[in-house]
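upload-v4.cif follows (mmCIF, C-alpha atoms and all ligand atoms):
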```
data_structure
loop_
_atom_site.label_atom_id
_atom_site.label_comp_id
_atom_site.auth_asym_id
_atom_site.auth_seq_id
_atom_site.Cartn_x
_atom_site.Cartn_y
_atom_site.Cartn_z
CA MET A 11 -27.50 -15.66 27.74
CA LYS A 12 -30.15 -13.09 28.71
CA ILE A 13 -33.68 -13.48 27.38
CA ASP A 14 -36.18 -10.71 28.02
CA TYR A 15 -39.85 -11.49 27.80
CA VAL A 16 -40.42 -8.59 25.40
CA ASN A 17 -37.94 -7.14 23.02
CA LEU A 18 -39.27 -4.03 21.32
CA LYS A 19 -35.89 -2.29 21.23
CA THR A 20 -34.63 -5.03 18.93
CA GLN A 21 -37.59 -4.43 16.66
CA TRP A 22 -36.64 -0.78 16.27
CA LEU A 23 -32.96 -1.60 15.71
CA ASN A 24 -33.89 -4.07 12.98
CA GLU A 25 -36.31 -1.72 11.27
CA ARG A 26 -34.71 1.67 11.85
CA LYS A 27 -33.05 1.92 8.44
CA ASP A 28 -36.31 1.20 6.60
CA LEU A 29 -38.57 3.19 8.86
CA LEU A 30 -36.70 6.49 9.27
CA PRO A 31 -37.28 7.51 5.61
CA ILE A 32 -40.92 6.33 5.83
CA ILE A 33 -41.51 8.41 8.96
CA ASP A 34 -39.81 11.40 7.33
CA LYS A 35 -41.94 11.06 4.22
CA VAL A 36 -45.23 10.76 6.11
CA LEU A 37 -44.54 13.69 8.43
CA SER A 38 -43.38 15.81 5.48
CA THR A 39 -46.84 15.54 3.93
CA GLY A 40 -48.29 17.44 6.88
CA GLU A 41 -51.11 14.87 7.12
CA PHE A 42 -51.11 13.84 10.77
CA VAL A 43 -54.72 12.97 11.45
CA GLY A 44 -56.25 10.94 8.64
CA GLY A 45 -54.43 10.64 5.33
CA ASP A 46 -53.17 8.28 2.65
CA GLU A 47 -51.50 5.83 5.01
CA VAL A 48 -54.68 5.43 7.03
CA ASN A 49 -56.70 4.75 3.86
CA LYS A 50 -54.07 2.30 2.66
CA PHE A 51 -54.09 0.48 5.99
CA GLU A 52 -57.86 0.11 5.93
CA LYS A 53 -57.60 -1.54 2.51
CA ASN A 54 -54.67 -3.74 3.51
CA ILE A 55 -56.46 -5.17 6.49
CA LEU A 56 -59.42 -6.44 4.47
CA LYS A 57 -57.46 -9.30 2.88
CA LEU A 58 -55.99 -10.31 6.19
CA THR A 59 -59.38 -10.71 7.77
CA ASN A 60 -61.41 -11.68 4.71
CA SER A 61 -63.80 -8.81 5.37
CA LYS A 62 -65.55 -6.19 3.28
CA TYR A 63 -65.16 -3.06 5.42
CA SER A 64 -62.68 -1.84 7.99
CA VAL A 65 -62.14 1.14 10.27
CA SER A 66 -58.76 2.19 11.63
CA LEU A 67 -58.89 3.30 15.24
CA ASN A 68 -56.76 4.46 18.16
CA SER A 69 -56.94 1.23 20.18
CA GLY A 70 -58.41 -2.24 20.49
CA THR A 71 -60.38 -1.02 23.49
CA ASP A 72 -62.16 1.67 21.48
CA ALA A 73 -62.73 -0.85 18.68
CA LEU A 74 -64.63 -3.03 21.18
CA THR A 75 -66.50 -0.12 22.75
CA LEU A 76 -67.60 1.36 19.42
CA ALA A 77 -68.56 -2.09 18.14
CA LEU A 78 -70.88 -2.64 21.11
CA TYR A 79 -72.26 0.87 20.70
CA VAL A 80 -73.23 0.52 17.02
CA LEU A 81 -74.79 -2.87 17.74
CA GLY A 82 -77.11 -1.08 20.13
CA VAL A 83 -75.70 -2.10 23.51
CA ARG A 84 -76.83 0.41 26.10
CA LYS A 85 -77.53 0.86 29.81
CA ASN A 86 -78.75 -2.27 31.67
CA ASP A 87 -78.14 -4.59 28.71
CA GLU A 88 -76.05 -7.70 29.30
CA VAL A 89 -73.02 -8.82 27.32
CA ILE A 90 -71.46 -12.24 27.72
CA THR A 91 -67.69 -12.68 27.74
CA ALA A 92 -64.81 -14.61 29.34
CA PRO A 93 -63.39 -13.70 32.77
CA ASN A 94 -59.80 -14.54 31.85
CA SER A 95 -58.74 -11.95 29.37
CA PHE A 96 -57.10 -8.59 29.26
CA ILE A 97 -59.28 -6.25 31.28
CA ALA A 98 -60.37 -4.25 28.19
CA SER A 99 -62.61 -7.01 26.87
CA ALA A 100 -64.90 -6.40 29.86
CA SER A 101 -64.32 -2.68 30.51
CA CYS A 102 -65.76 -1.90 27.08
CA ILE A 103 -69.07 -3.35 28.30
CA VAL A 104 -68.93 -1.27 31.48
CA HIS A 105 -68.27 1.92 29.48
CA LEU A 106 -71.71 1.59 27.89
CA GLY A 107 -73.46 1.06 31.20
CA ALA A 108 -74.11 -2.59 30.35
CA LYS A 109 -73.39 -5.56 32.60
CA PRO A 110 -70.55 -7.96 31.86
CA VAL A 111 -71.86 -11.51 32.26
CA PHE A 112 -68.96 -13.90 32.54
CA VAL A 113 -68.90 -17.48 31.33
CA ASP A 114 -66.10 -19.82 32.43
CA VAL A 115 -63.46 -20.96 29.96
CA ASP A 116 -62.18 -24.26 28.64
CA LYS A 117 -58.66 -25.65 28.84
CA ASP A 118 -57.80 -23.71 25.65
CA LEU A 119 -58.25 -20.57 27.82
CA ASN A 120 -61.21 -19.42 25.70
CA ILE A 121 -64.92 -19.20 26.57
CA ASN A 122 -66.62 -22.58 26.92
CA PRO A 123 -69.57 -22.49 24.46
CA ASP A 124 -71.39 -25.25 26.38
CA LEU A 125 -71.81 -22.89 29.34
CA ILE A 126 -73.14 -19.90 27.39
CA GLU A 127 -76.82 -20.79 26.96
CA LYS A 128 -77.69 -20.86 30.63
CA LYS A 129 -76.36 -17.30 31.02
CA ILE A 130 -78.58 -15.87 28.29
CA THR A 131 -81.46 -13.71 29.51
CA LYS A 132 -83.91 -11.29 27.90
CA LYS A 133 -81.32 -8.56 28.47
CA THR A 134 -78.48 -10.32 26.61
CA LYS A 135 -77.53 -8.24 23.59
CA ALA A 136 -74.16 -9.62 22.55
CA ILE A 137 -71.37 -12.13 23.10
CA ILE A 138 -67.77 -10.99 22.97
CA ALA A 139 -65.72 -14.02 21.97
CA VAL A 140 -62.11 -13.43 22.99
CA HIS A 141 -59.44 -15.27 21.00
CA LEU A 142 -56.78 -15.41 23.70
CA THR A 143 -53.09 -16.18 23.00
CA GLY A 144 -53.57 -16.26 19.19
CA LYS A 145 -55.94 -19.23 19.38
CA MET A 146 -59.52 -18.67 18.30
CA ALA A 147 -62.54 -19.49 20.45
CA LYS A 148 -64.85 -22.28 19.25
CA MET A 149 -66.71 -20.05 16.84
CA SER A 150 -69.10 -22.51 15.14
CA LYS A 151 -70.87 -23.25 18.42
CA ILE A 152 -70.84 -19.62 19.53
CA ILE A 153 -72.32 -18.43 16.23
CA SER A 154 -75.07 -21.02 16.29
CA ILE A 155 -76.08 -20.14 19.86
CA ALA A 156 -76.12 -16.45 18.91
CA LYS A 157 -78.33 -17.18 15.91
CA LYS A 158 -80.75 -19.20 18.00
CA TYR A 159 -81.22 -16.35 20.51
CA LYS A 160 -80.80 -13.52 17.98
CA ILE A 161 -77.87 -11.94 19.75
CA LYS A 162 -74.80 -10.37 18.12
CA VAL A 163 -71.27 -11.74 18.19
CA ILE A 164 -68.23 -9.51 18.45
CA GLU A 165 -64.79 -11.03 18.17
CA ASP A 166 -62.09 -9.68 20.46
CA ALA A 167 -59.28 -10.65 18.12
CA ALA A 168 -56.79 -8.24 19.70
CA GLN A 169 -54.32 -11.13 20.10
CA SER A 170 -55.22 -13.03 16.96
CA ILE A 171 -54.63 -11.27 13.66
CA GLY A 172 -54.16 -14.01 11.05
CA SER A 173 -55.41 -16.86 13.27
CA LYS A 174 -57.91 -19.37 11.90
CA PHE A 175 -60.66 -21.60 13.26
CA LYS A 176 -61.92 -24.25 10.85
CA LYS A 177 -59.86 -22.55 8.14
CA LYS A 178 -61.71 -19.21 8.57
CA LEU A 179 -59.84 -16.08 9.62
CA ALA A 180 -60.19 -14.23 12.93
CA GLY A 181 -62.56 -11.30 12.52
CA SER A 182 -64.62 -12.99 9.79
CA TYR A 183 -67.04 -14.91 12.04
CA GLY A 184 -68.73 -12.23 14.09
CA GLU A 185 -70.78 -9.19 13.21
CA ILE A 186 -67.68 -7.13 14.00
CA GLY A 187 -64.06 -8.24 14.53
CA CYS A 188 -61.96 -6.02 16.80
CA PHE A 189 -58.17 -5.85 16.79
CA SER A 190 -55.42 -4.09 18.70
CA ALA A 191 -52.13 -2.89 17.24
CA HIS A 192 -50.63 -2.10 20.66
CA PRO A 193 -46.81 -2.45 20.61
CA LEU A 194 -47.03 -5.93 22.18
CA LYS A 195 -49.36 -7.45 19.58
CA ASN A 196 -48.15 -9.47 16.59
CA LEU A 197 -49.02 -6.63 14.22
CA ASN A 198 -47.90 -3.59 16.16
CA ALA A 199 -47.74 0.17 15.90
CA PHE A 200 -45.25 2.28 17.88
CA GLY A 201 -47.92 3.46 20.27
CA ASP A 202 -51.63 2.82 20.70
CA SER A 203 -53.63 1.74 17.64
CA GLY A 204 -56.47 -0.58 16.76
CA TYR A 205 -58.92 -1.41 14.02
CA LEU A 206 -62.07 -3.35 13.32
CA VAL A 207 -63.65 -5.19 10.41
CA THR A 208 -67.21 -6.06 9.37
CA ASN A 209 -69.16 -7.12 6.30
CA LYS A 210 -71.86 -4.51 6.88
CA LYS A 211 -71.29 -1.12 5.32
CA TYR A 212 -73.62 0.80 7.64
CA LEU A 213 -71.77 -0.51 10.70
CA ALA A 214 -68.39 0.55 9.30
CA ASP A 215 -69.76 3.94 8.23
CA ASN A 216 -71.30 4.62 11.61
CA ILE A 217 -68.16 3.59 13.49
CA LYS A 218 -65.99 5.72 11.23
CA LYS A 219 -68.16 8.76 12.00
CA LEU A 220 -68.35 8.02 15.73
CA SER A 221 -64.54 7.73 15.87
CA ASN A 222 -64.30 11.23 14.40
CA HIS A 223 -66.49 13.31 16.76
CA GLY A 224 -69.62 11.91 15.12
CA MET A 225 -69.09 14.25 12.17
CA GLU A 226 -71.01 13.54 8.97
CA ASN A 227 -68.91 16.29 7.47
CA ARG A 228 -67.12 19.32 8.88
CA ASN A 229 -70.33 21.11 9.73
CA LYS A 230 -72.85 18.40 10.52
CA VAL A 231 -73.05 16.17 13.59
CA LYS A 232 -76.00 13.84 14.02
CA TYR A 233 -74.73 11.75 16.95
CA SER A 234 -72.18 12.87 19.52
CA GLY A 235 -69.00 10.92 18.93
CA TYR A 236 -65.52 10.28 20.24
CA VAL A 237 -61.91 10.86 19.24
CA SER A 238 -60.82 7.34 18.40
CA ARG A 239 -58.91 7.77 15.15
CA MET A 240 -55.66 6.16 14.10
CA ASP A 241 -52.79 8.57 13.39
CA ASN A 242 -51.40 8.64 9.87
CA LEU A 243 -47.92 7.97 11.27
CA GLN A 244 -49.03 4.84 13.11
CA ALA A 245 -50.82 3.71 9.94
CA ALA A 246 -47.58 4.10 7.96
CA ILE A 247 -45.72 2.00 10.53
CA LEU A 248 -48.47 -0.61 10.40
CA ASN A 249 -48.40 -0.72 6.60
CA TYR A 250 -44.69 -1.40 6.85
CA HIS A 251 -45.15 -4.07 9.54
CA LEU A 252 -47.90 -5.74 7.50
CA LYS A 253 -45.31 -6.79 4.95
CA ASN A 254 -43.57 -8.84 7.64
CA LEU A 255 -46.60 -10.23 9.41
CA ASN A 256 -46.50 -13.65 7.78
CA LYS A 257 -42.86 -13.96 8.73
CA VAL A 258 -43.57 -12.88 12.31
CA ILE A 259 -46.30 -15.50 12.58
CA SER A 260 -44.20 -18.27 11.06
CA ILE A 261 -41.28 -17.60 13.42
CA ARG A 262 -43.64 -17.65 16.39
CA ARG A 263 -45.10 -20.94 15.14
CA ARG A 264 -41.60 -22.33 14.69
CA ASN A 265 -40.76 -21.29 18.27
CA ALA A 266 -43.88 -23.07 19.52
CA LYS A 267 -42.85 -26.24 17.67
CA LEU A 268 -39.39 -26.01 19.23
CA TYR A 269 -40.90 -25.81 22.70
CA GLU A 270 -43.06 -28.83 21.90
CA LYS A 271 -40.04 -30.77 20.77
CA HIS A 272 -37.70 -29.85 23.62
CA LEU A 273 -39.86 -29.43 26.73
CA ASP A 274 -40.43 -32.48 28.96
CA THR A 275 -44.17 -32.57 29.47
CA GLU A 276 -44.23 -34.78 32.56
CA ASN A 277 -44.86 -31.81 34.84
CA LEU A 278 -46.21 -29.31 32.36
CA GLU A 279 -49.15 -28.78 30.11
CA LEU A 280 -48.35 -27.14 26.77
CA PRO A 281 -50.60 -25.27 24.35
CA PHE A 282 -52.10 -27.38 21.59
CA GLU A 283 -53.30 -26.57 18.10
CA ASP A 284 -56.60 -28.10 17.04
CA GLN A 285 -57.07 -29.70 13.66
CA ASP A 286 -58.26 -27.14 11.11
CA ALA A 287 -57.01 -24.32 13.35
CA PHE A 288 -54.11 -21.99 12.74
CA ASP A 289 -52.68 -20.48 15.93
CA THR A 290 -50.50 -17.39 15.75
CA TYR A 291 -48.97 -17.54 19.25
CA HIS A 292 -49.34 -14.00 20.46
CA THR A 293 -48.37 -15.69 23.72
CA TYR A 294 -47.11 -19.19 24.58
CA VAL A 295 -48.86 -20.18 27.79
CA ILE A 296 -47.86 -23.31 29.72
CA LYS A 297 -49.50 -24.64 32.87
CA THR A 298 -47.64 -25.74 35.99
CA LYS A 299 -48.52 -26.32 39.62
CA VAL A 300 -45.18 -24.88 40.80
CA ARG A 301 -45.30 -21.60 38.94
CA THR A 302 -43.68 -19.29 41.48
CA LYS A 303 -40.66 -21.55 41.96
CA LEU A 304 -40.26 -21.95 38.21
CA ILE A 305 -40.42 -18.18 37.65
CA ASP A 306 -37.70 -17.64 40.28
CA TYR A 307 -35.53 -20.38 38.80
CA LEU A 308 -35.81 -18.91 35.31
CA LYS A 309 -35.16 -15.41 36.60
CA LYS A 310 -31.86 -16.63 38.07
CA ARG A 311 -31.00 -17.86 34.60
CA ASN A 312 -31.88 -14.45 33.12
CA ILE A 313 -35.03 -15.73 31.43
CA GLY A 314 -38.00 -13.38 31.61
CA THR A 315 -41.56 -14.69 31.80
CA ALA A 316 -45.00 -13.15 32.26
CA ILE A 317 -48.49 -14.12 33.45
CA HIS A 318 -51.52 -13.41 31.26
CA TYR A 319 -53.38 -12.83 33.56
CA PRO A 320 -52.85 -13.49 37.28
CA VAL A 321 -56.15 -11.93 38.45
CA PRO A 322 -59.37 -12.89 36.64
CA ILE A 323 -61.54 -9.95 35.63
CA HIS A 324 -64.47 -10.91 37.87
CA LEU A 325 -62.20 -10.59 40.92
CA GLN A 326 -60.79 -7.18 39.99
CA PRO A 327 -61.90 -4.40 42.38
CA ALA A 328 -63.50 -2.47 39.50
CA PHE A 329 -65.90 -5.38 38.91
CA LYS A 330 -66.89 -5.88 42.54
CA LYS A 331 -70.18 -4.05 42.06
CA TYR A 332 -71.49 -6.86 39.83
CA GLY A 333 -71.47 -9.26 42.78
CA TYR A 334 -69.04 -11.86 41.49
CA LYS A 335 -67.03 -13.78 44.05
CA LYS A 336 -64.23 -16.28 44.38
CA GLY A 337 -65.32 -19.70 43.17
CA ASP A 338 -67.73 -18.40 40.51
CA PHE A 339 -65.51 -19.53 37.63
CA PRO A 340 -63.43 -22.47 38.88
CA ILE A 341 -61.59 -23.25 35.62
CA THR A 342 -60.56 -19.63 35.13
CA GLU A 343 -59.45 -19.32 38.75
CA LYS A 344 -57.40 -22.52 38.57
CA LEU A 345 -55.78 -21.35 35.32
CA CYS A 346 -54.91 -18.00 36.88
CA ARG A 347 -52.85 -19.90 39.46
CA GLU A 348 -51.10 -22.19 36.98
CA ILE A 349 -50.50 -20.33 33.73
CA LEU A 350 -47.08 -19.00 32.78
CA THR A 351 -46.16 -17.25 29.53
CA LEU A 352 -42.79 -18.13 28.02
CA PRO A 353 -40.93 -15.83 25.63
CA ILE A 354 -41.95 -16.57 22.02
CA ASN A 355 -41.31 -13.34 20.13
CA GLN A 356 -39.93 -13.33 16.60
CA TYR A 357 -36.50 -12.07 17.68
CA LEU A 358 -35.67 -15.25 19.59
CA SER A 359 -33.31 -17.73 17.95
CA PRO A 360 -33.87 -21.50 18.00
CA GLU A 361 -30.87 -21.73 20.35
CA GLN A 362 -32.59 -19.41 22.81
CA ILE A 363 -35.83 -21.42 22.74
CA ILE A 364 -33.84 -24.60 23.32
CA TYR A 365 -31.96 -22.93 26.17
CA ILE A 366 -35.25 -21.94 27.82
CA SER A 367 -36.62 -25.47 27.32
CA LYS A 368 -33.54 -27.10 28.81
CA SER A 369 -33.61 -24.72 31.76
CA ILE A 370 -37.22 -25.68 32.46
CA ASN A 371 -36.43 -29.39 32.12
CA SER A 372 -33.55 -29.08 34.56
CA PHE A 373 -35.77 -27.24 37.03
CA PHE A 374 -38.18 -30.17 37.09
CA LYS A 375 -35.36 -32.73 37.36
CA ASN A 376 -34.03 -31.02 40.47
CA ILE A 377 -37.27 -30.13 42.15
C1 LIG A 401 -54.60 -5.84 23.95
C2 LIG A 401 -55.95 -6.33 24.17
C3 LIG A 401 -57.07 -5.49 24.16
C4 LIG A 401 -56.99 -3.99 24.14
O1 LIG A 401 -56.27 -3.44 23.10
P1 LIG A 401 -55.64 -1.97 23.27
O2 LIG A 401 -55.20 -1.66 21.86
O3 LIG A 401 -54.52 -2.08 24.23
O4 LIG A 401 -56.71 -1.05 23.72
C5 LIG A 401 -58.33 -6.05 24.27
N1 LIG A 401 -58.50 -7.38 24.41
C6 LIG A 401 -57.45 -8.22 24.44
C7 LIG A 401 -57.71 -9.68 24.56
C8 LIG A 401 -56.14 -7.73 24.33
O5 LIG A 401 -55.11 -8.58 24.38
#
```

Translate this file's structure into structure tokens.
Amino acid sequence: MKIDYVNLKTQWLNERKDLLPIIDKVLSTGEFVGGDEVNKFEKNILKLTNSKYSVSLNSGTDALTLALYVLGVRKNDEVITAPNSFIASASCIVHLGAKPVFVDVDKDLNINPDLIEKKITKKTKAIIAVHLTGKMAKMSKIISIAKKYKIKVIEDAAQSIGSKFKKKLAGSYGEIGCFSAHPLKNLNAFGDSGYLVTNKKYLADNIKKLSNHGMENRNKVKYSGYVSRMDNLQAAILNYHLKNLNKVISIRRRNAKLYEKHLDTENLELPFEDQDAFDTYHTYVIKTKVRTKLIDYLKKRNIGTAIHYPVPIHLQPAFKKYGYKKGDFPITEKLCREILTLPINQYLSPEQIIYISKSINSFFKNI
């Protein structure tokens, strides 16, 4: 048995018959940039995020950057976020000339709300709450801190479409919810794509314009913008994938349950789902003190794994100029040494998950 960590070729093989006529139809309209599929996608995403307005974009990174921009984040402002995330949730802050102010995380891998207040200064404009792995950050506390200090909350829900915290959907807590539809996300395009949602019309309108060169119409530009639009073709693929999203999430949740049932937890820490939460398992991250040996052992058994992420953002060379150093965020740094992502994608069979679990159990028996 060979189990790759990602399996996008299988996705195409499964969907090819349905998608080839869709692709043909969309390209035959001659609408490549903007078009019916894009408009349809923007409507479709509202239900999934319980939001009033949405903007389709070219990436999750631009969703975050444009969100910060329309909320007024500029040079020398500060934005609070977590140091263990995909690099984009901090680069977006840097792009605007603002300073990323990191706050250590909790054992759920998300920002620890109890540590936020002491990092707030007069310059703090926003908090980016990252919902890592498909599990949402503790939003009630984050929202109440933000209210108290009158700062904005942006959700980096790139990994968490359909996830819930206290029965409320990802993207519906903050001022703006940002999502990625990168091929590796649970709702994926066949290339780069992203989108964002908000309940404020003026924010959506401004972002829509900014994503399209800042054009009010063909001949009028009030603010210089960007090229951050979603292609009509990617929108068509996303509209198709949307129909299967619930199934994708339920298979991933089933896979997580199978791991819980079959993995011996004596030497491992497994992800947990809080009461009132609904986790969508973009990744399944376990913690172990003997990670390297376990990776090698699994590799010999043809089981692929990944690490999300081995280097915390504050220790990346690009962030050196902000003066962070080793030891600044002890929980994050410890996690970076211990976390390991097991395969959980929707193309894995129960037998494969059990095989992975048994392989891990036998590793620990023989260690
Ligand atoms: C994927 C991801 C992003 C960036 O999304 P892109 O569409 O790749 O630009 C941002 N934040 C997190 C947490 C992500 O996982």

Enclose the full set of atoms of ligand LIG 401 (chain A) listed in the file within a box whose edges lie along x, y and z, apply 5 Å of padding to each of the six sides, and report centre and edge lengths in Å to one decimal as AutoDock Vina command-line options.
```
--center_x -56.5 --center_y -5.4 --center_z 23.2 --size_x 14.0 --size_y 18.6 --size_z 12.7
```

Find, counting all atoms listed in the file, the residue in A:Arg262, A:Lys135, A:Lys19, A:Lys344 that gets nearest to Leu119 of chain A.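 Using all atoms listed in the file, the shortest distance to Leu119 of chain A belongs to A:Lys344.
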
I'd like a table as CSV: residues in chain A with an atom no more than 10 Å from ligand LIG 401 (chain A), each row giving the shortest atom pair and its distance in Å to one decimal, all atoms listed in the file counted, sorted by chain and rising residue number.
```
residue,atom,partner,partner_atom,distance
A:Leu67,CA,A:LIG401,O2,9.1
A:Asn68,CA,A:LIG401,O2,7.3
A:Ser69,CA,A:LIG401,O2,3.8
A:Gly70,CA,A:LIG401,O2,3.5
A:Thr71,CA,A:LIG401,O4,3.7
A:Asp72,CA,A:LIG401,O4,6.5
A:Ala73,CA,A:LIG401,O4,7.9
A:Leu74,CA,A:LIG401,C5,7.6
A:Thr75,CA,A:LIG401,O4,9.9
A:Ala92,CA,A:LIG401,C7,9.9
A:Asn94,CA,A:LIG401,C7,9.0
A:Ser95,CA,A:LIG401,C7,5.4
A:Phe96,CA,A:LIG401,C6,4.8
A:Ile97,CA,A:LIG401,N1,7.0
A:Ala98,CA,A:LIG401,C5,4.8
A:Ser99,CA,A:LIG401,N1,4.8
A:Ala100,CA,A:LIG401,N1,8.5
A:Ser101,CA,A:LIG401,C5,9.3
A:Cys102,CA,A:LIG401,C5,9.0
A:Ala139,CA,A:LIG401,C7,9.5
A:Val140,CA,A:LIG401,C7,6.0
A:His141,CA,A:LIG401,C7,6.8
A:Leu142,CA,A:LIG401,C7,5.9
A:Thr143,CA,A:LIG401,O5,8.0
A:Gly144,CA,A:LIG401,O5,9.4
A:Glu165,CA,A:LIG401,N1,9.6
A:Asp166,CA,A:LIG401,N1,5.8
A:Ala167,CA,A:LIG401,C7,6.7
A:Ala168,CA,A:LIG401,C8,4.7
A:Gln169,CA,A:LIG401,O5,5.0
A:Ser170,CA,A:LIG401,O5,8.7
A:Cys188,CA,A:LIG401,C5,8.3
A:Phe189,CA,A:LIG401,O1,7.0
A:Ser190,CA,A:LIG401,O2,4.0
A:Ala191,CA,A:LIG401,O2,5.7
A:His192,CA,A:LIG401,O2,4.7
A:Pro193,CA,A:LIG401,O2,8.5
A:Leu194,CA,A:LIG401,C1,7.8
A:Lys195,CA,A:LIG401,C1,7.0
A:Asn198,CA,A:LIG401,O2,9.5
A:Ala199,CA,A:LIG401,O2,9.7
A:Gly201,CA,A:LIG401,O2,9.0
A:Asp202,CA,A:LIG401,O2,5.8
A:Ser203,CA,A:LIG401,O2,5.6
A:Gly204,CA,A:LIG401,O2,5.4
A:Tyr205,CA,A:LIG401,O2,8.7
A:His292,CA,A:LIG401,O5,8.8
A:Thr293,CA,A:LIG401,O5,9.8
A:His318,CA,A:LIG401,O5,9.1
```

Tell me which protein, DNA and RNA residues are within 10 Å of Gln362 of chain A, counting all atoms listed in the file, leaving out same-chain ones fewer than 6 positions away, and put them as a PDB file with C-alpha atoms, in the coordinates of the input.
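out00.pdb, written as the output of this step:
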```pdb
ATOM      1  CA  MET A  11     -27.500 -15.660  27.740  1.00  0.00           C
ATOM      2  CA  LYS A  12     -30.150 -13.090  28.710  1.00  0.00           C
ATOM      3  CA  ILE A  13     -33.680 -13.480  27.380  1.00  0.00           C
ATOM      4  CA  ASN A 265     -40.760 -21.290  18.270  1.00  0.00           C
ATOM      5  CA  ILE A 313     -35.030 -15.730  31.430  1.00  0.00           C
ATOM      6  CA  PRO A 353     -40.930 -15.830  25.630  1.00  0.00           C
ATOM      7  CA  ILE A 354     -41.950 -16.570  22.020  1.00  0.00           C
ATOM      8  CA  LYS A 368     -33.540 -27.100  28.810  1.00  0.00           C
TER       9      LYS A 368
END
```

Neighbour list for Asn242 of chain A as a JSON list (two decimals) with C-alpha atoms, in the frame of the given file, cut-off 8 Å, all atoms listed in the file, skip fewer than 5 positions in-chain:
```json
[["chain", "number", "residue", "atom", "x", "y", "z"],
["A", 36, "VAL", "CA", -45.23, 10.76, 6.11],
["A", 41, "GLU", "CA", -51.11, 14.87, 7.12],
["A", 42, "PHE", "CA", -51.11, 13.84, 10.77],
["A", 43, "VAL", "CA", -54.72, 12.97, 11.45],
["A", 44, "GLY", "CA", -56.25, 10.94, 8.64],
["A", 45, "GLY", "CA", -54.43, 10.64, 5.33],
["A", 46, "ASP", "CA", -53.17, 8.28, 2.65],
["A", 47, "GLU", "CA", -51.50, 5.83, 5.01],
["A", 48, "VAL", "CA", -54.68, 5.43, 7.03]]
```

Go ahead and compute the interatomic distance for atom CA of Ile377 of chain A and atom CA of Thr298 of chain A, in Å to one decimal. 12.8 Å

Which one of A:Val231, A:Ile171, A:Leu106, A:Val258 sits closest to Lys57 of chain A if you count all atoms listed in the file? A:Ile171

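Proximity of A:Leu23, A:Val300, A:Leu243, A:Cys346 to Gly40 of chain A, computed with all atoms listed in the file, is greatest for A:Leu243.
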
Can you work out which one of A:His223, A:His251, A:Arg26, A:Lys109 has the shortest atom-to-atom distance to Lys331 of chain A, counting only C-alpha atoms?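 Ranking A:His223, A:His251, A:Arg26, A:Lys109 by distance to Lys331 of chain A, first place goes to A:Lys109.
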
Among the residues A:Lys85, A:His105, A:Arg263, A:Lys158, the one that comes closest to Asn196 of chain A [using all atoms listed in the file]: A:Arg263

Show which residues sit within 7 Å of Val295 of chain A, as a PyMOL selection string. Count only C-alpha atoms, and ignore same-chain residues fewer than 6 positions away. chain A and resi 281+349-352

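Of the listed residues A:Phe373, A:Tyr79, A:Tyr63, A:Phe175, the one whose atoms come nearest to Gln285 of chain A is A:Phe175, with distances taken using only C-alpha atoms.
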
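In this model, the gap between atom CA of Lys271 of chain A and atom CA of Gln21 of chain A comes to 26.8 Å.
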
In Å, with one decimal, what is the gap from atom CA of Ala316 of chain A to atom CA of Tyr357 of chain A?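 So the answer is 16.9 Å.
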
Neighbours of Gly235 of chain A within 9 Å (all atoms listed in the file; same-chain residues fewer than 2 positions away dropped), as a list in words?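 Close residues of Gly235 of chain A: Lys219, Leu220, Ser221, Asn222, His223, Gly224, Met225, Val231, Tyr233, Val237 and Ser238 of chain A.
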
Select from segment 55-138 of chain A every residue with an atom at most 7 Å from any atom of segment 181-186 of chain A, then for each give the shortest pair of atoms and their distance in Å to one decimal, using only C-alpha atoms, rows by chain and rising number, as a tab-separated table.
```
residue	atom	partner	partner_atom	distance
A:Thr59	CA	A:Gly181	CA	5.7
A:Asn60	CA	A:Ser182	CA	6.2
A:Ser61	CA	A:Ser182	CA	6.1
A:Ala77	CA	A:Ile186	CA	6.6
```
